[in-house]
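Undergrad: Sharing a structure below in structure tokens format, with a few things to ask.
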Amino acid sequence: MQALLTRPALLASGWPRPRNFPHNCHPFRAESHFSYLVGRQLPGAALWIEPGAARLYATPPDPDDRLWHGAEPSLAELSSELGLEVRPLAELAERLDAASLPPQDPRAAAWLAERLGRRLPPSSQPWDARDAALADALIELRLCHDEAALEQLRQAAAITVDAHVAGLRRTRPGEREAHVRASMEALVVSSGMTLAYPPIVTVEGQILHAQRHDRQLAAGDLLLVDVGAETPEGWAADVTRTWPVSGRFSATQRDLYDAVRTAQAAAFSAVRPGARYSEVHRLSQRVLLECLIQLGLFSGSLDALLELHAVSLFYPHGVGHLLGLDVHDMEDLGDRAGYAPGRVRQQDPSYRYLRLDRDLRPGMLVTIEPGFYQIPDLLSGLEPGGPLERALNRERLAQFRDVQGIRIEDDVLVTETGHEVLTAALPSDVQSLERIMAG
């Protein structure tokens with residue numbers, strides 16, 4: 001990191017955030033860029049880096065806290081553990097001429113503003129040149145994972161696979177979404193990990209990031225489950241499966257499920273060094289649209305329907321994103337991280353939600369997660385009598401009323417010769433899912 005810097009930089013870890021009063025806090029998680037460089041979840045700390053040197057400033061343990069939280073390492077012990085000079089946070093001067101990055105923690109943002117004598121704008125606003133250089137250096141470091149990171153990512157993937165198997169086995173008519181969630185979360189927590197993001201366990205799969213878990217499961221429902229584990233150091237997995245509450249897919253559910261799985265397989269085949277991720281996305285759209293035409297949901301030529309962005313009516317999001325220390329890795333830096341220099345996010349319906357447009361390199365970890373969703377706002381928003389409305393066979397679509405949403409997501413590592421699916425131990429074919437549910 002120091003070799004990539006031309007000026008000093010200061011990164012804050014953040015502080016625990018109170019839920020409703022100061023001593024009842026959300027679980028602490030350090031700002032990811034700090035955590036990447038330090039490797040510890042240290043509240044109330046800051047990392048100073050300059051060419052040829054680095055220093056950690058941390059909050060000394062409060063003796064009164066021993067009663068409530070137990071002993072914490074002294075600054076000297078922390079220095080010995082990390083192999084880094086550690087000083088009290090109070091010794092860090094103000095009005096520092098240093099680069100930094102906007103933290104997600106509001107308290108850390110205010111603290112940095114005092115130390116730097118300037119406010120750090122969000123990543124959606126123009127970048128200060130010194131902060132941009134720091135962001136680019138961290139992006140270059142974090143895009144491709146080393147063996148130590150990959151070991152943790154594999155651990156997170158393995159626990160995530162086990163959690164999904166637990167969810168499959170808990171699912172049955174009469175249970176609630178919360179029961180399935182609890183069975184999965186219990187396995188993650190018992191492994192010493194936590195969840196990488198709020199779990200999605202829903203029979204309303206058309207809501208892409210549904211957060212309710214109070215519905216009762218009924219025969220005929222599909223349950224969309226998006227759950228991933230996170231290691232204590234913060235490395236994440238991100239996996240989605242969709243399965244039938246009854247334990248058996250209906251014919252219509254199977255048809256659309258196999259269409260999504262075919263699109264995912266096509267996307268897998270395109271993941272290799274040098275491939276452009278937006279082309280992986282485009283291929284997944286094209287293959288899914290071919291399947292929808294074969295199922296009679298659209299009429300017309302494939303190329304003409306692609307021009308109309310027909311596939312985005314049922315598959316509105318991107319094929320995936322970067323994965324690493326964050327579940328959407330480095331998205332706090334906006335499209336600066338997700339899009340290669342010179343590339344900008346397109347605004348047409350097929351690409352506006354694509355989070356990543358870079359050429360793939362060995363060591364990059366991405367998700368591949370095509371889907372099919374019947375989203376009322378999209379289906380009702382078509383221009384009456386317009387070309388897309390005319391191409392859509394609504395009578396045929398009505399026959400698939402037992403499908404609200406399907407998503408299949410896996411974590412895919414780019415290797416020197418192609419790719420490796422880190423979550424391949426969790427099957428996605430219909431027969432295997434039904435067999436697991438049968439017990």
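Going through the structure tokens in order, the chains are called A, B, and so on, while each chain numbers its residues from 1 and the ligands are numbered from 1 in the order shown.
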Neighbouring residues of Arg390 in chain A were defined as those with any atom within 9 Å, considering only C-alpha atoms; residues of the same chain fewer than 4 positions away were excluded. Please report them as a PyMOL selection string.
TA: chain A and resi 298-299+384-386
Undergrad: Restricting it to N, CA and C atoms, dump the selection as a compact mmCIF listing (two decimals), in the first residue's frame.
TA:
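Written file, part.txt:
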# COMPACT_ATOMS: atom_id res chain seq x y z
N PHE A 298 -42.79 -14.53 -25.04
CA PHE A 298 -42.59 -13.45 -26.00
C PHE A 298 -42.69 -14.01 -27.41
N SER A 299 -43.12 -13.16 -28.31
CA SER A 299 -43.08 -13.49 -29.73
C SER A 299 -42.23 -12.45 -30.44
N PRO A 384 -49.34 1.05 -23.39
CA PRO A 384 -50.46 0.33 -24.00
C PRO A 384 -50.33 0.31 -25.53
N GLY A 385 -50.38 -0.87 -26.10
CA GLY A 385 -50.27 -0.99 -27.55
C GLY A 385 -48.87 -0.82 -28.08
N GLY A 386 -47.89 -0.61 -27.18
CA GLY A 386 -46.51 -0.42 -27.61
C GLY A 386 -45.87 -1.72 -28.06
Undergrad: Extract, using only C-alpha atoms, all DNA, RNA and protein residues at most 10 Å from range 273-286 of chain A, discarding same-chain residues fewer than 2 positions from it, and format them as JSON, numbers by chain.
TA: {"A": [260, 261, 262, 263, 264, 265, 266, 267, 268, 269, 270, 271, 288, 289, 290, 291, 292, 302, 303, 305, 306, 309, 310, 311, 312, 315, 316, 317, 318, 319, 320, 321, 339, 350, 351, 354, 355, 356, 357, 358, 359, 360, 361, 362, 363, 364, 366, 368, 369, 370, 371, 414, 415, 416, 417, 418, 419]}
Undergrad: Using only C-alpha atoms, which of the listed residues (A:Gln294, A:Ser100, A:Ser124, A:Thr59) sits closest to Leu10 in chain A?
TA: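 Smallest separation from Leu10 in chain A among the options: A:Ser100.
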Undergrad: Calculated over only C-alpha atoms, which of the candidates A:Asp214, A:Asp146, A:Asp226, A:Asp65 has the smallest distance to Glu175 in chain A?
TA: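 Checking each of A:Asp214, A:Asp146, A:Asp226, A:Asp65 against Glu175 in chain A, counting only C-alpha atoms, the winner is A:Asp214.
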Undergrad: Using only C-alpha atoms, I'd like a table of the residues in range 252-363 of chain A that come within 12 Å of range 185-196 of chain A; for each, show the closest atom pair and its distance in Å rounded to one decimal, ordered by chain and ascending number, as a Markdown table.
TA:
| residue | atom | partner | partner_atom | distance |
| --- | --- | --- | --- | --- |
| A:Leu323 | CA | A:Ala196 | CA | 10.8 |
| A:Gly324 | CA | A:Ala196 | CA | 10.4 |
| A:Leu325 | CA | A:Ala196 | CA | 9.4 |
| A:Asp326 | CA | A:Ala196 | CA | 7.7 |
| A:Val327 | CA | A:Ala196 | CA | 6.3 |
| A:His328 | CA | A:Ala196 | CA | 9.8 |
| A:Asp329 | CA | A:Ala196 | CA | 11.4 |
Undergrad: Give me a file of those residues, with all heavy atoms, as a PDB file, in the first residue's frame.
TA:
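Below is the file that was written, result.pdb:
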ATOM      1  N   LEU A 323     -17.219  -9.404  -4.894  1.00  0.00           N
ATOM      2  CA  LEU A 323     -17.431 -10.001  -3.572  1.00  0.00           C
ATOM      3  C   LEU A 323     -16.086 -10.118  -2.876  1.00  0.00           C
ATOM      4  O   LEU A 323     -15.081 -10.471  -3.507  1.00  0.00           O
ATOM      5  CB  LEU A 323     -18.064 -11.382  -3.728  1.00  0.00           C
ATOM      6  CG  LEU A 323     -18.377 -12.174  -2.456  1.00  0.00           C
ATOM      7  CD1 LEU A 323     -19.427 -11.460  -1.619  1.00  0.00           C
ATOM      8  CD2 LEU A 323     -18.855 -13.575  -2.821  1.00  0.00           C
ATOM      9  N   GLY A 324     -16.058  -9.805  -1.600  1.00  0.00           N
ATOM     10  CA  GLY A 324     -14.807  -9.898  -0.863  1.00  0.00           C
ATOM     11  C   GLY A 324     -15.006  -9.531   0.583  1.00  0.00           C
ATOM     12  O   GLY A 324     -15.742 -10.183   1.318  1.00  0.00           O
ATOM     13  N   LEU A 325     -14.353  -8.453   1.004  1.00  0.00           N
ATOM     14  CA  LEU A 325     -14.483  -8.003   2.384  1.00  0.00           C
ATOM     15  C   LEU A 325     -15.854  -7.376   2.624  1.00  0.00           C
ATOM     16  O   LEU A 325     -16.322  -7.323   3.755  1.00  0.00           O
ATOM     17  CB  LEU A 325     -13.371  -6.998   2.700  1.00  0.00           C
ATOM     18  CG  LEU A 325     -13.102  -6.681   4.161  1.00  0.00           C
ATOM     19  CD1 LEU A 325     -12.776  -7.941   4.950  1.00  0.00           C
ATOM     20  CD2 LEU A 325     -11.970  -5.689   4.299  1.00  0.00           C
ATOM     21  N   ASP A 326     -16.488  -6.908   1.588  1.00  0.00           N
ATOM     22  CA  ASP A 326     -17.885  -6.478   1.635  1.00  0.00           C
ATOM     23  C   ASP A 326     -18.681  -7.401   0.738  1.00  0.00           C
ATOM     24  O   ASP A 326     -18.158  -7.918  -0.260  1.00  0.00           O
ATOM     25  CB  ASP A 326     -18.048  -5.042   1.120  1.00  0.00           C
ATOM     26  CG  ASP A 326     -17.321  -4.036   1.988  1.00  0.00           C
ATOM     27  OD1 ASP A 326     -17.438  -4.138   3.225  1.00  0.00           O
ATOM     28  OD2 ASP A 326     -16.646  -3.159   1.437  1.00  0.00           O
ATOM     29  N   VAL A 327     -19.961  -7.562   1.051  1.00  0.00           N
ATOM     30  CA  VAL A 327     -20.772  -8.431   0.205  1.00  0.00           C
ATOM     31  C   VAL A 327     -20.959  -7.814  -1.180  1.00  0.00           C
ATOM     32  O   VAL A 327     -21.031  -8.534  -2.178  1.00  0.00           O
ATOM     33  CB  VAL A 327     -22.111  -8.752   0.890  1.00  0.00           C
ATOM     34  CG1 VAL A 327     -23.000  -7.513   0.993  1.00  0.00           C
ATOM     35  CG2 VAL A 327     -22.833  -9.866   0.152  1.00  0.00           C
ATOM     36  N   HIS A 328     -21.043  -6.501  -1.262  1.00  0.00           N
ATOM     37  CA  HIS A 328     -20.921  -5.779  -2.529  1.00  0.00           C
ATOM     38  C   HIS A 328     -19.601  -5.023  -2.420  1.00  0.00           C
ATOM     39  O   HIS A 328     -19.565  -3.876  -1.992  1.00  0.00           O
ATOM     40  CB  HIS A 328     -22.088  -4.829  -2.750  1.00  0.00           C
ATOM     41  CG  HIS A 328     -23.362  -5.505  -3.126  1.00  0.00           C
ATOM     42  ND1 HIS A 328     -24.486  -4.804  -3.507  1.00  0.00           N
ATOM     43  CD2 HIS A 328     -23.707  -6.807  -3.201  1.00  0.00           C
ATOM     44  CE1 HIS A 328     -25.467  -5.653  -3.790  1.00  0.00           C
ATOM     45  NE2 HIS A 328     -25.013  -6.879  -3.596  1.00  0.00           N
ATOM     46  N   ASP A 329     -18.535  -5.681  -2.808  1.00  0.00           N
ATOM     47  CA  ASP A 329     -17.210  -5.208  -2.432  1.00  0.00           C
ATOM     48  C   ASP A 329     -16.910  -3.827  -3.002  1.00  0.00           C
ATOM     49  O   ASP A 329     -17.045  -3.599  -4.208  1.00  0.00           O
ATOM     50  CB  ASP A 329     -16.151  -6.209  -2.904  1.00  0.00           C
ATOM     51  CG  ASP A 329     -14.957  -6.260  -1.976  1.00  0.00           C
ATOM     52  OD1 ASP A 329     -15.112  -5.909  -0.796  1.00  0.00           O
ATOM     53  OD2 ASP A 329     -13.869  -6.661  -2.423  1.00  0.00           O
TER      54      ASP A 329
END
Undergrad: Enumerate as a PyMOL selection string all residues of range 114-148 of chain A assigned to alpha helix (DSSP H) by DSSP on the backbone, naming them with the chain letters and numbers the document uses.
TA: chain A and resi 114-116+129-142+147-148
Undergrad: What does the distance between CA of Asp348 in chain A and CA of Leu322 in chain A come to in Å, to one decimal place?
TA: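 It comes out at 21.5 Å.
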Undergrad: List the neighbours of range 79-85 of chain A out to 8 Å using only C-alpha atoms; skip same-chain residues closer than 4 positions along the sequence, and give me the result as a PDB file with N, CA and C atoms, in the first residue's frame.
TA:
ATOM      1  N   VAL A  38      -5.632  -3.392   8.352  1.00  0.00           N
ATOM      2  CA  VAL A  38      -5.227  -3.695   9.726  1.00  0.00           C
ATOM      3  C   VAL A  38      -5.541  -5.142  10.099  1.00  0.00           C
ATOM      4  N   ALA A  54       3.913   3.487   8.575  1.00  0.00           N
ATOM      5  CA  ALA A  54       2.499   3.359   8.946  1.00  0.00           C
ATOM      6  C   ALA A  54       2.417   3.351  10.461  1.00  0.00           C
ATOM      7  N   ARG A  55       1.313   3.877  10.989  1.00  0.00           N
ATOM      8  CA  ARG A  55       1.143   3.979  12.430  1.00  0.00           C
ATOM      9  C   ARG A  55      -0.350   3.838  12.743  1.00  0.00           C
ATOM     10  N   LEU A  56      -0.638   3.113  13.801  1.00  0.00           N
ATOM     11  CA  LEU A  56      -2.020   2.948  14.226  1.00  0.00           C
ATOM     12  C   LEU A  56      -2.270   3.805  15.459  1.00  0.00           C
ATOM     13  N   LEU A  75      -2.346  -0.998  24.467  1.00  0.00           N
ATOM     14  CA  LEU A  75      -1.800  -0.530  23.192  1.00  0.00           C
ATOM     15  C   LEU A  75      -0.465  -1.209  22.898  1.00  0.00           C
TER      16      LEU A  75
END
Undergrad: Here is a test: counting only C-alpha atoms, which residue of A:Val403, A:Glu307, A:Phe249, A:Ala166 is nearest to Asp429 in chain A?
TA: A:Phe249
Undergrad: Neighbours of Arg401 in chain A within 10 Å (only C-alpha atoms; same-chain residues fewer than 6 positions away dropped), as a PyMOL selection string?
TA: chain A and resi 252-253+374
Undergrad: A:His33, A:His209, A:His26, A:Arg7: which is nearest Leu96 in chain A, counting only C-alpha atoms?
TA: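 Checking each candidate against Leu96 in chain A, we get A:Arg7 as the closest.
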Undergrad: Considering only C-alpha atoms, state which residue in the set A:Ala251, A:Ala337, A:Leu224, A:Val344 is at the smallest distance from Ala210 in chain A.
TA: A:Leu224
Undergrad: Give me, as an mmCIF file with N, CA, C and O atoms, in the first residue's frame, all polymer residues having an atom no more than 6 Å from range 424-426 of chain A, counting only C-alpha atoms and skipping those fewer than 2 positions away in the same chain.
TA:
data_model
loop_
_atom_site.group_PDB
_atom_site.id
_atom_site.type_symbol
_atom_site.label_atom_id
_atom_site.label_comp_id
_atom_site.auth_asym_id
_atom_site.auth_seq_id
_atom_site.Cartn_x
_atom_site.Cartn_y
_atom_site.Cartn_z
ATOM 1 N N VAL A 161 -23.061 -22.708 2.422
ATOM 2 C CA VAL A 161 -23.642 -23.914 1.833
ATOM 3 C C VAL A 161 -24.382 -24.718 2.898
ATOM 4 O O VAL A 161 -25.532 -25.144 2.706
ATOM 5 N N VAL A 421 -16.267 -22.226 -9.074
ATOM 6 C CA VAL A 421 -17.464 -21.857 -8.318
ATOM 7 C C VAL A 421 -17.230 -22.261 -6.863
ATOM 8 O O VAL A 421 -17.242 -23.446 -6.527
ATOM 9 N N LEU A 422 -17.017 -21.286 -5.994
ATOM 10 C CA LEU A 422 -16.692 -21.590 -4.600
ATOM 11 C C LEU A 422 -17.865 -22.222 -3.862
ATOM 12 O O LEU A 422 -17.670 -22.892 -2.839
#
Undergrad: Which residues are near range 244-248 of chain A? Cut-off 12 Å, only C-alpha atoms, ignore same chain within fewer than 5 positions. Put them as a PyMOL selection string.
TA: chain A and resi 167-177+180+201-203+205+216-225+253-254+257+402-406+430-439
Undergrad: Write down as a PyMOL selection string the residues of range 198-336 of chain A whose backbone DSSP state falls under strand (DSSP E).
TA: chain A and resi 200-202+222-227+229-230+239-244
Undergrad: Please identify all polymer residues within 10 Å of range 13-16 of chain A, counting only C-alpha atoms, omitting same-chain residues fewer than 2 positions from it, and present them as a ChimeraX atom specification.
TA: /A:11,18-19,22-35,38,40-47,58,103-109,111-112
Undergrad: If I take CA of Asp377 in chain A and CA of Glu389 in chain A, how far is one from the other in Å, to one decimal?
TA: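 Calculated distance between CA of Asp377 in chain A and CA of Glu389 in chain A is 13.9 Å.
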